[in-house]
file structure.cif (mmCIF, C-alpha atoms and all ligand atoms)
data_work
loop_
_atom_site.group_PDB
_atom_site.id
_atom_site.type_symbol
_atom_site.label_atom_id
_atom_site.label_comp_id
_atom_site.auth_asym_id
_atom_site.auth_seq_id
_atom_site.Cartn_x
_atom_site.Cartn_y
_atom_site.Cartn_z
ATOM 1 C CA MET T 21 -3.794 6.631 20.278
ATOM 2 C CA ALA T 22 -2.014 3.295 19.822
ATOM 3 C CA THR T 23 -3.903 0.463 18.103
ATOM 4 C CA ARG T 24 -4.302 -2.858 19.788
ATOM 5 C CA LYS T 25 -2.659 -5.171 17.267
ATOM 6 C CA ASN T 26 -2.669 -8.894 17.753
ATOM 7 C CA LEU T 27 0.907 -9.581 16.744
ATOM 8 C CA VAL T 28 1.206 -13.200 17.722
ATOM 9 C CA VAL T 29 -1.923 -14.926 16.438
ATOM 10 C CA ASP T 30 -1.730 -17.340 13.502
ATOM 11 C CA ARG T 31 -5.070 -16.802 11.734
ATOM 12 C CA THR T 32 -4.703 -20.067 9.827
ATOM 13 C CA SER T 33 -4.678 -22.202 12.978
ATOM 14 C CA LEU T 34 -7.782 -24.232 13.798
ATOM 15 C CA ALA T 35 -7.751 -22.967 17.382
ATOM 16 C CA HIS T 36 -7.922 -19.351 16.167
ATOM 17 C CA LYS T 37 -10.719 -20.105 13.698
ATOM 18 C CA VAL T 38 -12.827 -21.850 16.339
ATOM 19 C CA ARG T 39 -12.248 -19.070 18.883
ATOM 20 C CA TYR T 40 -13.075 -16.409 16.283
ATOM 21 C CA ALA T 41 -16.279 -18.192 15.235
ATOM 22 C CA LEU T 42 -17.402 -18.486 18.855
ATOM 23 C CA VAL T 43 -16.771 -14.805 19.561
ATOM 24 C CA HIS T 44 -18.243 -13.530 16.237
ATOM 25 C CA PRO T 45 -20.906 -16.055 15.143
ATOM 26 C CA GLN T 46 -22.690 -13.375 13.086
ATOM 27 C CA ARG T 47 -19.635 -13.074 10.822
ATOM 28 C CA ILE T 48 -19.575 -16.740 9.810
ATOM 29 C CA PRO T 49 -21.958 -16.510 6.788
ATOM 30 C CA ARG T 50 -20.072 -13.530 5.358
ATOM 31 C CA TYR T 51 -16.721 -15.265 5.822
ATOM 32 C CA ALA T 52 -18.045 -18.462 4.232
ATOM 33 C CA ARG T 53 -19.340 -16.541 1.194
ATOM 34 C CA ARG T 54 -16.020 -14.744 0.814
ATOM 35 C CA ALA T 55 -14.011 -17.943 1.167
ATOM 36 C CA ALA T 56 -16.134 -19.672 -1.492
ATOM 37 C CA ARG T 57 -15.824 -16.729 -3.879
ATOM 38 C CA ASP T 58 -12.061 -16.485 -3.335
ATOM 39 C CA ARG T 59 -11.565 -20.247 -3.928
ATOM 40 C CA TRP T 60 -13.408 -19.919 -7.231
ATOM 41 C CA LEU T 61 -11.449 -16.826 -8.288
ATOM 42 C CA ALA T 62 -8.145 -18.449 -7.279
ATOM 43 C CA PHE T 63 -9.085 -21.503 -9.370
ATOM 44 C CA LYS T 64 -9.811 -19.295 -12.403
ATOM 45 C CA HIS T 65 -6.790 -16.986 -11.955
ATOM 46 C CA ARG T 66 -3.587 -18.816 -11.052
ATOM 47 C CA ASP T 67 -1.183 -15.857 -10.746
ATOM 48 C CA HIS T 68 -1.642 -13.545 -7.802
ATOM 49 C CA VAL T 69 -2.141 -10.263 -9.663
ATOM 50 C CA SER T 70 -4.883 -11.682 -11.899
ATOM 51 C CA TYR T 71 -6.534 -13.239 -8.862
ATOM 52 C CA TYR T 72 -6.432 -10.032 -6.831
ATOM 53 C CA ARG T 73 -7.626 -8.004 -9.796
ATOM 54 C CA ALA T 74 -10.681 -10.300 -9.924
ATOM 55 C CA VAL T 75 -11.223 -9.852 -6.165
ATOM 56 C CA MET T 76 -11.121 -6.073 -6.651
ATOM 57 C CA ALA T 77 -13.543 -6.258 -9.605
ATOM 58 C CA SER T 78 -16.020 -8.190 -7.479
ATOM 59 C CA ASP T 79 -15.593 -5.917 -4.431
ATOM 60 C CA THR T 80 -15.703 -2.694 -6.476
ATOM 61 C CA ARG T 81 -18.950 -3.752 -8.157
ATOM 62 C CA ARG T 82 -20.517 -3.852 -4.696
ATOM 63 C CA ASN T 83 -18.953 -0.713 -3.232
ATOM 64 C CA PRO T 84 -15.665 0.968 -4.281
ATOM 65 C CA GLU T 85 -15.090 2.507 -0.846
ATOM 66 C CA ALA T 86 -15.509 -0.856 0.858
ATOM 67 C CA ALA T 87 -13.258 -2.398 -1.824
ATOM 68 C CA VAL T 88 -10.332 -0.299 -0.558
ATOM 69 C CA GLY T 89 -11.121 -1.260 3.017
ATOM 70 C CA SER T 90 -13.549 1.380 4.344
ATOM 71 C CA ASP T 91 -16.995 0.198 5.380
ATOM 72 C CA THR T 92 -18.419 3.717 5.654
ATOM 73 C CA HIS T 93 -17.803 6.996 3.836
ATOM 74 C CA GLU T 94 -16.686 8.558 7.128
ATOM 75 C CA ARG T 95 -13.991 5.853 7.489
ATOM 76 C CA TRP T 96 -12.989 6.376 3.840
ATOM 77 C CA LEU T 97 -12.468 10.085 4.517
ATOM 78 C CA ALA T 98 -10.669 9.475 7.805
ATOM 79 C CA LEU T 99 -8.260 6.885 6.375
ATOM 80 C CA GLY T 100 -7.335 9.238 3.553
ATOM 81 C CA GLU T 101 -6.771 12.093 5.952
ATOM 82 C CA LEU T 102 -4.590 9.895 8.152
ATOM 83 C CA GLN T 103 -2.250 9.102 5.252
ATOM 84 C CA PHE T 104 -2.131 12.698 4.064
ATOM 85 C CA THR T 105 -1.516 14.219 7.498
ATOM 86 C CA TYR T 106 1.271 11.744 8.228
ATOM 87 C CA LEU T 107 3.199 12.611 5.077
ATOM 88 C CA LYS T 108 2.608 16.332 5.557
ATOM 89 C CA GLN T 109 4.083 16.024 9.050
ATOM 90 C CA HIS T 110 7.031 14.225 7.462
ATOM 91 C CA GLY T 111 7.761 17.188 5.235
ATOM 92 C CA LEU T 112 5.768 16.509 2.052
ATOM 93 C CA SER T 113 6.083 19.713 0.018
ATOM 94 C CA GLN T 114 3.772 20.903 -2.753
ATOM 95 C CA ARG T 115 6.629 20.577 -5.236
ATOM 96 C CA ALA T 116 7.205 16.910 -4.394
ATOM 97 C CA ARG T 117 6.656 14.282 -7.071
ATOM 98 C CA MET T 118 4.708 11.367 -5.714
ATOM 99 C CA LEU T 119 4.113 7.809 -6.884
ATOM 100 C CA ASP T 120 1.157 6.150 -5.133
ATOM 101 C CA ILE T 121 1.364 2.386 -5.671
ATOM 102 C CA GLY T 122 -2.064 0.741 -5.370
ATOM 103 C CA CYS T 123 -3.799 4.115 -5.346
ATOM 104 C CA GLY T 124 -7.276 2.546 -5.244
ATOM 105 C CA ASN T 125 -10.143 5.015 -5.687
ATOM 106 C CA LEU T 126 -8.013 7.856 -4.288
ATOM 107 C CA ARG T 127 -9.096 7.618 -0.655
ATOM 108 C CA ALA T 128 -5.889 9.508 0.155
ATOM 109 C CA GLY T 129 -4.974 10.275 -3.434
ATOM 110 C CA TRP T 130 -7.501 13.091 -3.904
ATOM 111 C CA ARG T 131 -5.907 14.947 -0.964
ATOM 112 C CA PHE T 132 -2.417 14.512 -2.425
ATOM 113 C CA ILE T 133 -3.644 15.600 -5.858
ATOM 114 C CA GLU T 134 -5.288 18.695 -4.378
ATOM 115 C CA TYR T 135 -2.120 19.606 -2.460
ATOM 116 C CA LEU T 136 0.649 18.829 -4.951
ATOM 117 C CA ASP T 137 1.583 20.895 -8.005
ATOM 118 C CA PRO T 138 -0.290 19.901 -11.188
ATOM 119 C CA GLY T 139 0.993 16.679 -12.724
ATOM 120 C CA HIS T 140 3.010 15.719 -9.646
ATOM 121 C CA TYR T 141 0.750 12.878 -8.509
ATOM 122 C CA TYR T 142 1.160 9.496 -10.193
ATOM 123 C CA GLY T 143 -1.195 6.720 -9.113
ATOM 124 C CA ILE T 144 -0.880 3.142 -10.338
ATOM 125 C CA ASP T 145 -3.081 0.130 -9.657
ATOM 126 C CA ILE T 146 -3.665 -3.398 -10.940
ATOM 127 C CA SER T 147 -7.451 -2.967 -10.962
ATOM 128 C CA PRO T 148 -9.165 -1.281 -13.943
ATOM 129 C CA ASP T 149 -12.412 -1.183 -11.973
ATOM 130 C CA ILE T 150 -10.955 0.758 -9.074
ATOM 131 C CA LEU T 151 -9.168 3.142 -11.465
ATOM 132 C CA ILE T 152 -12.498 3.979 -13.086
ATOM 133 C CA SER T 153 -13.761 4.772 -9.604
ATOM 134 C CA ALA T 154 -10.587 6.855 -9.043
ATOM 135 C CA LYS T 155 -11.428 8.973 -12.098
ATOM 136 C CA ARG T 156 -14.890 9.557 -10.625
ATOM 137 C CA THR T 157 -13.222 10.797 -7.435
ATOM 138 C CA VAL T 158 -11.114 13.259 -9.464
ATOM 139 C CA ALA T 159 -14.247 14.601 -11.161
ATOM 140 C CA ALA T 160 -16.314 14.692 -7.957
ATOM 141 C CA ARG T 161 -13.577 16.686 -6.191
ATOM 142 C CA GLY T 162 -13.140 19.057 -9.141
ATOM 143 C CA LEU T 163 -9.445 18.208 -9.489
ATOM 144 C CA GLN T 164 -9.263 18.000 -13.304
ATOM 145 C CA SER T 165 -6.836 20.940 -13.565
ATOM 146 C CA LYS T 166 -4.340 19.084 -11.351
ATOM 147 C CA LEU T 167 -3.840 16.557 -14.167
ATOM 148 C CA PRO T 168 -3.159 13.499 -12.031
ATOM 149 C CA HIS T 169 -1.697 10.453 -13.775
ATOM 150 C CA LEU T 170 -3.700 7.281 -13.187
ATOM 151 C CA THR T 171 -2.197 4.210 -14.778
ATOM 152 C CA LEU T 172 -3.111 0.546 -14.908
ATOM 153 C CA THR T 173 -0.253 -1.859 -14.232
ATOM 154 C CA LYS T 174 0.098 -5.606 -14.026
ATOM 155 C CA ASP T 175 3.410 -5.727 -12.192
ATOM 156 C CA LEU T 176 5.693 -3.571 -10.081
ATOM 157 C CA THR T 177 8.694 -3.350 -12.403
ATOM 158 C CA LEU T 178 7.867 0.370 -12.805
ATOM 159 C CA ASP T 179 9.570 0.076 -16.196
ATOM 160 C CA PHE T 180 7.529 2.882 -17.799
ATOM 161 C CA LEU T 181 8.626 5.471 -15.214
ATOM 162 C CA PRO T 182 11.754 7.655 -15.331
ATOM 163 C CA ASP T 183 14.950 7.257 -13.272
ATOM 164 C CA ALA T 184 15.408 9.232 -10.032
ATOM 165 C CA HIS T 185 12.069 11.023 -10.429
ATOM 166 C CA PHE T 186 9.909 10.553 -7.322
ATOM 167 C CA ASP T 187 10.525 12.269 -3.981
ATOM 168 C CA VAL T 188 7.896 10.120 -2.307
ATOM 169 C CA VAL T 189 6.758 6.641 -3.220
ATOM 170 C CA HIS T 190 3.818 5.436 -1.177
ATOM 171 C CA ALA T 191 1.928 2.143 -0.857
ATOM 172 C CA HIS T 192 -0.795 2.121 1.769
ATOM 173 C CA SER T 193 -2.507 -1.188 2.454
ATOM 174 C CA VAL T 194 -1.030 -2.820 -0.654
ATOM 175 C CA PHE T 195 1.670 -5.144 0.729
ATOM 176 C CA SER T 196 -0.910 -6.307 3.267
ATOM 177 C CA HIS T 197 -2.513 -7.944 0.209
ATOM 178 C CA SER T 198 0.695 -9.059 -1.485
ATOM 179 C CA PRO T 199 2.714 -12.278 -1.472
ATOM 180 C CA ILE T 200 6.419 -11.857 -0.890
ATOM 181 C CA GLU T 201 7.253 -12.168 -4.638
ATOM 182 C CA VAL T 202 5.297 -8.979 -5.359
ATOM 183 C CA ILE T 203 7.110 -7.077 -2.600
ATOM 184 C CA ASP T 204 10.426 -8.461 -3.819
ATOM 185 C CA GLU T 205 9.684 -7.213 -7.330
ATOM 186 C CA CYS T 206 8.811 -3.783 -6.012
ATOM 187 C CA PHE T 207 12.025 -3.566 -3.952
ATOM 188 C CA ALA T 208 14.039 -4.658 -6.983
ATOM 189 C CA HIS T 209 12.822 -1.659 -8.990
ATOM 190 C CA VAL T 210 11.742 1.136 -6.658
ATOM 191 C CA GLY T 211 15.314 2.354 -6.017
ATOM 192 C CA ARG T 212 15.653 3.294 -9.696
ATOM 193 C CA VAL T 213 12.679 5.668 -9.697
ATOM 194 C CA LEU T 214 13.419 7.260 -6.298
ATOM 195 C CA ALA T 215 14.973 10.727 -6.383
ATOM 196 C CA PRO T 216 18.332 10.906 -4.542
ATOM 197 C CA HIS T 217 16.766 11.995 -1.237
ATOM 198 C CA GLY T 218 13.453 10.305 -1.828
ATOM 199 C CA PHE T 219 11.799 7.688 0.328
ATOM 200 C CA PHE T 220 9.319 4.884 -0.044
ATOM 201 C CA ASP T 221 6.718 4.400 2.702
ATOM 202 C CA PHE T 222 4.582 1.294 2.823
ATOM 203 C CA THR T 223 2.248 -0.286 5.338
ATOM 204 C CA PHE T 224 2.057 -3.991 6.100
ATOM 205 C CA ASP T 225 0.178 -6.375 8.351
ATOM 206 C CA ARG T 226 2.697 -7.222 11.039
ATOM 207 C CA THR T 227 3.184 -10.378 12.996
ATOM 208 C CA THR T 228 5.875 -11.214 15.511
ATOM 209 C CA GLY T 229 4.905 -14.885 15.274
ATOM 210 C CA VAL T 230 4.484 -17.181 12.286
ATOM 211 C CA GLU T 231 4.123 -15.452 8.906
ATOM 212 C CA HIS T 232 0.842 -16.463 7.293
ATOM 213 C CA GLN T 233 -1.862 -15.488 4.803
ATOM 214 C CA VAL T 234 -5.658 -15.673 4.790
ATOM 215 C CA LEU T 235 -7.561 -16.500 1.567
ATOM 216 C CA ARG T 236 -4.581 -15.137 -0.428
ATOM 217 C CA GLU T 237 -6.103 -11.735 0.412
ATOM 218 C CA ASP T 238 -4.311 -10.787 3.644
ATOM 219 C CA PHE T 239 -0.615 -11.401 4.266
ATOM 220 C CA TYR T 240 1.159 -11.083 7.625
ATOM 221 C CA TYR T 241 4.924 -10.454 7.728
ATOM 222 C CA ARG T 242 7.594 -10.043 10.340
ATOM 223 C CA THR T 243 9.361 -6.675 10.228
ATOM 224 C CA GLU T 244 12.763 -8.397 9.988
ATOM 225 C CA THR T 245 11.693 -10.280 6.849
ATOM 226 C CA LEU T 246 10.883 -7.057 5.004
ATOM 227 C CA VAL T 247 13.940 -5.197 6.295
ATOM 228 C CA ALA T 248 16.213 -8.050 5.144
ATOM 229 C CA LEU T 249 14.472 -8.261 1.761
ATOM 230 C CA ALA T 250 14.952 -4.526 1.243
ATOM 231 C CA ALA T 251 18.661 -4.846 2.157
ATOM 232 C CA ARG T 252 19.105 -7.517 -0.542
ATOM 233 C CA HIS T 253 18.126 -4.811 -3.040
ATOM 234 C CA GLY T 254 20.479 -2.195 -1.604
ATOM 235 C CA LEU T 255 17.681 -0.428 0.285
ATOM 236 C CA LEU T 256 17.692 0.722 3.878
ATOM 237 C CA ALA T 257 14.425 -0.010 5.689
ATOM 238 C CA ARG T 258 13.345 1.603 8.942
ATOM 239 C CA PHE T 259 10.335 0.746 11.113
ATOM 240 C CA MET T 260 8.256 3.912 11.669
ATOM 241 C CA GLU T 261 7.521 3.988 15.386
ATOM 242 C CA ASP T 262 5.497 7.216 15.186
ATOM 243 C CA TRP T 263 2.969 5.550 12.850
ATOM 244 C CA GLU T 264 2.152 3.072 15.639
ATOM 245 C CA THR T 265 0.527 5.906 17.625
ATOM 246 C CA ARG T 266 -1.915 6.818 14.810
ATOM 247 C CA GLY T 267 -4.531 4.169 15.544
ATOM 248 C CA HIS T 268 -4.143 2.209 12.280
ATOM 249 C CA GLY T 269 -4.171 -1.580 12.254
ATOM 250 C CA GLN T 270 -1.112 -1.919 10.010
ATOM 251 C CA SER T 271 2.506 -0.940 10.614
ATOM 252 C CA LYS T 272 4.715 1.212 8.422
ATOM 253 C CA ILE T 273 8.248 0.906 7.054
ATOM 254 C CA ARG T 274 10.240 3.633 5.297
ATOM 255 C CA VAL T 275 12.773 2.639 2.675
ATOM 256 C CA THR T 276 15.566 4.740 1.226
ATOM 257 C CA ALA T 277 18.339 3.902 -1.164
ATOM 258 C CA ALA T 278 21.189 2.830 1.146
ATOM 259 C CA GLU T 279 23.648 5.163 -0.601
ATOM 260 C CA SER T 280 21.442 8.245 -0.251
ATOM 261 C CA ALA T 281 20.762 7.380 3.396
ATOM 262 C CA ARG T 282 24.525 7.155 4.016
ATOM 263 C CA ARG T 283 25.070 10.555 2.393
ATOM 264 C CA PHE T 284 22.182 12.050 4.369
ATOM 265 C CA LEU T 285 23.689 10.820 7.644
ATOM 266 C CA THR T 286 27.360 11.648 6.971
ATOM 267 C CA GLY T 287 27.096 14.650 4.634
ATOM 268 C CA PRO T 288 28.431 14.809 1.063
ATOM 269 C CA SER T 289 31.475 12.695 0.213
ATOM 270 C CA PRO T 290 34.721 14.666 -0.441
ATOM 271 C CA ALA T 291 34.367 13.947 -4.135
ATOM 272 C CA SER T 292 31.029 15.745 -4.344
ATOM 273 C CA ARG T 293 32.029 18.749 -2.212
ATOM 274 C CA SER T 294 33.753 20.735 -4.966
HETATM 275 C C1 LIG D 1 -6.783 -1.752 0.298
HETATM 276 S S1 LIG D 1 -6.661 -0.913 -1.220
HETATM 277 C C2 LIG D 1 -5.821 0.593 -0.719
HETATM 278 C C3 LIG D 1 -5.939 1.684 -1.758
HETATM 279 C C4 LIG D 1 -5.227 2.997 -1.390
HETATM 280 N N1 LIG D 1 -3.800 2.815 -1.226
HETATM 281 C C5 LIG D 1 -5.860 3.571 -0.151
HETATM 282 O O1 LIG D 1 -5.229 3.593 0.902
HETATM 283 O O2 LIG D 1 -7.007 3.959 -0.246
HETATM 284 C C6 LIG D 1 -5.338 -1.783 -2.055
HETATM 285 C C7 LIG D 1 -5.178 -1.344 -3.490
HETATM 286 O O3 LIG D 1 -3.953 -1.873 -3.997
HETATM 287 C C8 LIG D 1 -4.165 -2.401 -5.276
HETATM 288 N N2 LIG D 1 -3.132 -3.430 -5.471
HETATM 289 C C9 LIG D 1 -3.050 -4.650 -4.899
HETATM 290 N N3 LIG D 1 -1.936 -5.280 -5.298
HETATM 291 C C10 LIG D 1 -1.280 -4.418 -6.131
HETATM 292 C C11 LIG D 1 -0.068 -4.493 -6.861
HETATM 293 N N4 LIG D 1 0.702 -5.574 -6.835
HETATM 294 N N5 LIG D 1 0.301 -3.431 -7.620
HETATM 295 C C12 LIG D 1 -0.482 -2.307 -7.652
HETATM 296 N N6 LIG D 1 -1.652 -2.200 -6.985
HETATM 297 C C13 LIG D 1 -2.042 -3.241 -6.239
HETATM 298 C C14 LIG D 1 -5.587 -2.918 -5.257
HETATM 299 O O4 LIG D 1 -6.130 -3.047 -6.543
HETATM 300 C C15 LIG D 1 -6.269 -1.853 -4.414
HETATM 301 O O5 LIG D 1 -6.747 -0.784 -5.188
#

call {"tool": "encode", "arguments": {"input": "structure.cif", "output": "structure tokens"}}
result
Amino acid sequence: MATRKNLVVDRTSLAHKVRYALVHPQRIPRYARRAARDRWLAFKHRDHVSYYRAVMASDTRRNPEAAVGSDTHERWLALGELQFTYLKQHGLSQRARMLDIGCGNLRAGWRFIEYLDPGHYYGIDISPDILISAKRTVAARGLQSKLPHLTLTKDLTLDFLPDAHFDVVHAHSVFSHSPIEVIDECFAHVGRVLAPHGFFDFTFDRTTGVEHQVLREDFYYRTETLVALAARHGLLARFMEDWETRGHGQSKIRVTAAESARRFLTGPSPASRS
């Protein structure tokens, strides 16, 4: 089932806001409250990560499952299953080592933890509040013996992680909340931690029109922008067409180190064939 995505709208335009308010008048008070809260948090926290951490603290206090984007427990379960099934269909093996950037409260993470060998799941997040909720998910699912790593971070330099370690790096619904500098930082460093044949999958809110952001919470990018940014860091980025059929509102890109992608496509170089 393909999702109906509005790829051309600029959500910052007055015309869009008026149209939206007329179609959804019942949502106006909620939007106004959110906008006021976000203005205040943005005033208190000037850098994006501190600001978004404060947004997550406020949202998590209310409801951790809603804080990661699921209004009901059924949606929380379904969104996790969607991520897990997709990677399984793309060959995720139990022996794989996985880094889940912006792991949230383990909506998908608990399924990866359950499936992967002990110690092979590494989740990082900027929000201490959501990581506390993630630990509750581990306990509630009885996954203690799988020894997942759950680590707080304030940037995406990944400097505390080893070289060439992860077969799969994953960021679901994280770059949809990230300014371009955060994505740039991630691209600058993710190649170092990827295993030679590893890949990095991330979702993003896609536009084919003007790139824009709403309340510094939701960011809309053109595919070409992200592909070109990845190339500047020696990464090959590919739009995942098959994800478009899964009924999710965001799109997905897969990134590999350009050199490993070349080797994968052409076979080993003569020098490495001995
Ligand atoms: C919408 S939630 C998605 C959580 C999880 N990936 C899932 O699908 O359930 C986004 C998560 O990314 C985290 N996050 C946002 N920006 C981040 C960043 N720059 N680095 C790491 N985590 C980040 C947030 O704290 C939040 O937990």

call {"tool": "residues_near_ligand", "arguments": {"input": "structure.cif", "ligand": "ligand LIG 1 (chain D)", "cutoff": "9 Å", "atoms": "only C-alpha atoms and all ligand atoms", "output": "MDAnalysis selection string"}}
result
chainID T and resid 68:69 72:73 75:77 85:90 96 99:100 103 120:129 144:151 172:176 190:199 202:203 206

call {"tool": "atom_distance", "arguments": {"input": "structure.cif", "atom1": "atom CA of Phe222 of chain T", "atom2": "atom CA of Ala250 of chain T"}}
result
12.0 Å

call {"tool": "resolve_selection", "arguments": {"input": "structure.cif", "expression": "the PyMOL selection byres (((chain T and resi 270) around 7) and not hetatm)", "output": "PyMOL selection string"}}
result
chain T and resi 223-226+268-269+271-272

call {"tool": "residues_around", "arguments": {"input": "structure.cif", "residues": "Ser113 of chain T", "least_positions_apart": "3", "cutoff": "8 Å", "atoms": "all atoms listed in the file", "output": "list in words"}}
result
Lys108, Ala116 and Leu136 of chain T

call {"tool": "atom_distance", "arguments": {"input": "structure.cif", "atom1": "atom CA of Tyr142 of chain T", "atom2": "atom CA of Glu201 of chain T"}}
result
23.2 Å

call {"tool": "residues_around", "arguments": {"input": "structure.cif", "residues": "segment 32-45 of chain T", "least_positions_apart": "3", "cutoff": "12 Å", "atoms": "all atoms listed in the file", "output": "list of chain:residue names"}}
result
T:Asn26, T:Val28, T:Val29, T:Ile48, T:Pro49, T:Arg50, T:Tyr51, T:Ala52, T:Val230, T:Glu231, T:His232, T:Gln233, T:Val234, T:Leu235, T:Arg236, T:Asp238, T:Phe239, T:Tyr240

call {"tool": "residues_around", "arguments": {"input": "structure.cif", "residues": "Asp187 of chain T", "least_positions_apart": "5", "cutoff": "7 Å", "atoms": "all atoms listed in the file", "output": "list in words"}}
result
Ala116, Arg117, Met118, Leu214, Ala215, His217, Gly218 and Phe219 of chain T

call {"tool": "atom_distance", "arguments": {"input": "structure.cif", "atom1": "atom CA of Thr157 of chain T", "atom2": "atom CA of Thr265 of chain T"}}
result
29.0 Å

call {"tool": "residues_near_point", "arguments": {"input": "structure.cif", "point": "(0.1, 16.3, -7.8)", "cutoff": "8 Å", "atoms": "all atoms listed in the file", "output": "JSON list (two decimals) with C-alpha atoms, keeping the file's coordinate frame"}}
result
[["chain", "number", "residue", "atom", "x", "y", "z"],
["T", 114, "GLN", "CA", 3.77, 20.90, -2.75],
["T", 116, "ALA", "CA", 7.20, 16.91, -4.39],
["T", 117, "ARG", "CA", 6.66, 14.28, -7.07],
["T", 118, "MET", "CA", 4.71, 11.37, -5.71],
["T", 132, "PHE", "CA", -2.42, 14.51, -2.42],
["T", 133, "ILE", "CA", -3.64, 15.60, -5.86],
["T", 134, "GLU", "CA", -5.29, 18.70, -4.38],
["T", 135, "TYR", "CA", -2.12, 19.61, -2.46],
["T", 136, "LEU", "CA", 0.65, 18.83, -4.95],
["T", 137, "ASP", "CA", 1.58, 20.90, -8.01],
["T", 138, "PRO", "CA", -0.29, 19.90, -11.19],
["T", 139, "GLY", "CA", 0.99, 16.68, -12.72],
["T", 140, "HIS", "CA", 3.01, 15.72, -9.65],
["T", 141, "TYR", "CA", 0.75, 12.88, -8.51],
["T", 142, "TYR", "CA", 1.16, 9.50, -10.19],
["T", 166, "LYS", "CA", -4.34, 19.08, -11.35],
["T", 167, "LEU", "CA", -3.84, 16.56, -14.17],
["T", 168, "PRO", "CA", -3.16, 13.50, -12.03]]

call {"tool": "residues_around", "arguments": {"input": "structure.cif", "residues": "Asp58 of chain T", "least_positions_apart": "2", "cutoff": "9 Å", "atoms": "only C-alpha atoms", "output": "PyMOL selection string"}}
result
chain T and resi 53-56+60-63+71+75+235-237

call {"tool": "write_last_selection", "arguments": {"input": "structure.cif", "atoms": "C-alpha atoms", "output": "PDB file, in the coordinates of the input"}}
result
ATOM      1  CA  ARG T  53     -19.340 -16.541   1.194  1.00  0.00           C
ATOM      2  CA  ARG T  54     -16.020 -14.744   0.814  1.00  0.00           C
ATOM      3  CA  ALA T  55     -14.011 -17.943   1.167  1.00  0.00           C
ATOM      4  CA  ALA T  56     -16.134 -19.672  -1.492  1.00  0.00           C
ATOM      5  CA  TRP T  60     -13.408 -19.919  -7.231  1.00  0.00           C
ATOM      6  CA  LEU T  61     -11.449 -16.826  -8.288  1.00  0.00           C
ATOM      7  CA  ALA T  62      -8.145 -18.449  -7.279  1.00  0.00           C
ATOM      8  CA  PHE T  63      -9.085 -21.503  -9.370  1.00  0.00           C
ATOM      9  CA  TYR T  71      -6.534 -13.239  -8.862  1.00  0.00           C
ATOM     10  CA  VAL T  75     -11.223  -9.852  -6.165  1.00  0.00           C
ATOM     11  CA  LEU T 235      -7.561 -16.500   1.567  1.00  0.00           C
ATOM     12  CA  ARG T 236      -4.581 -15.137  -0.428  1.00  0.00           C
ATOM     13  CA  GLU T 237      -6.103 -11.735   0.412  1.00  0.00           C
TER      14      GLU T 237
END

call {"tool": "closest_residue", "arguments": {"input": "structure.cif", "among": "T:Lys25, T:His209, T:Arg252, T:Arg156", "to": "Ala184 of chain T", "atoms": "all atoms listed in the file"}}
result
T:His209

call {"tool": "closest_residue", "arguments": {"input": "structure.cif", "among": "T:Glu261, T:Arg161, T:Arg131, T:Ser78", "to": "Leu102 of chain T", "atoms": "all atoms listed in the file"}}
result
T:Arg131

call {"tool": "closest_residue", "arguments": {"input": "structure.cif", "among": "T:Arg82, T:Tyr106, T:Arg31, T:His65", "to": "Arg266 of chain T", "atoms": "all atoms listed in the file"}}
result
T:Tyr106

call {"tool": "closest_residue", "arguments": {"input": "structure.cif", "among": "T:Pro216, T:Trp130, T:His110, T:Val189", "to": "Met260 of chain T", "atoms": "all atoms listed in the file"}}
result
T:His110

call {"tool": "closest_residue", "arguments": {"input": "structure.cif", "among": "T:Leu119, T:Ile152, T:Leu256, T:Leu170", "to": "Pro182 of chain T", "atoms": "all atoms listed in the file"}}
result
T:Leu119

call {"tool": "axis_aligned_box", "arguments": {"input": "structure.cif", "around": "segment 189-198 of chain T", "padding_each_side": "6 Å", "output": "lines of an AutoDock Vina configuration file"}}
result
center_x = 2.1
center_y = -1.2
center_z = 0.0
size_x = 21.3
size_y = 27.7
size_z = 18.5

call {"tool": "residues_around", "arguments": {"input": "structure.cif", "residues": "Ala277 of chain T", "least_positions_apart": "5", "cutoff": "7 Å", "atoms": "only C-alpha atoms", "output": "VMD selection string"}}
result
chain T and resid 211 254 to 256

call {"tool": "closest_residue", "arguments": {"input": "structure.cif", "among": "T:Ala98, T:Lys155, T:Asp30, T:Arg81", "to": "Gly267 of chain T", "atoms": "only C-alpha atoms"}}
result
T:Ala98

call {"tool": "decode", "arguments": {"input": "structure.cif", "residues": "segment 49-68 of chain T", "atoms": "C-alpha atoms", "output": "mmCIF file, in the first residue's frame"}}
result
data_model
loop_
_atom_site.group_PDB
_atom_site.id
_atom_site.type_symbol
_atom_site.label_atom_id
_atom_site.label_comp_id
_atom_site.auth_asym_id
_atom_site.auth_seq_id
_atom_site.Cartn_x
_atom_site.Cartn_y
_atom_site.Cartn_z
ATOM 1 C CA PRO T 49 -5.738 24.805 19.981
ATOM 2 C CA ARG T 50 -3.293 21.890 20.100
ATOM 3 C CA TYR T 51 -1.089 23.463 17.431
ATOM 4 C CA ALA T 52 -1.157 26.825 19.217
ATOM 5 C CA ARG T 53 -0.123 25.210 22.522
ATOM 6 C CA ARG T 54 2.701 23.337 20.816
ATOM 7 C CA ALA T 55 3.914 26.423 18.973
ATOM 8 C CA ALA T 56 3.971 28.441 22.211
ATOM 9 C CA ARG T 57 5.834 25.698 24.073
ATOM 10 C CA ASP T 58 8.355 25.279 21.247
ATOM 11 C CA ARG T 59 9.012 29.058 21.051
ATOM 12 C CA TRP T 60 9.756 29.071 24.774
ATOM 13 C CA LEU T 61 12.018 26.010 24.574
ATOM 14 C CA ALA T 62 13.837 27.427 21.532
ATOM 15 C CA PHE T 63 14.390 30.677 23.461
ATOM 16 C CA LYS T 64 15.862 28.755 26.418
ATOM 17 C CA HIS T 65 17.936 26.314 24.323
ATOM 18 C CA ARG T 66 19.740 27.949 21.409
ATOM 19 C CA ASP T 67 21.455 24.893 19.876
ATOM 20 C CA HIS T 68 19.263 22.361 18.141
#
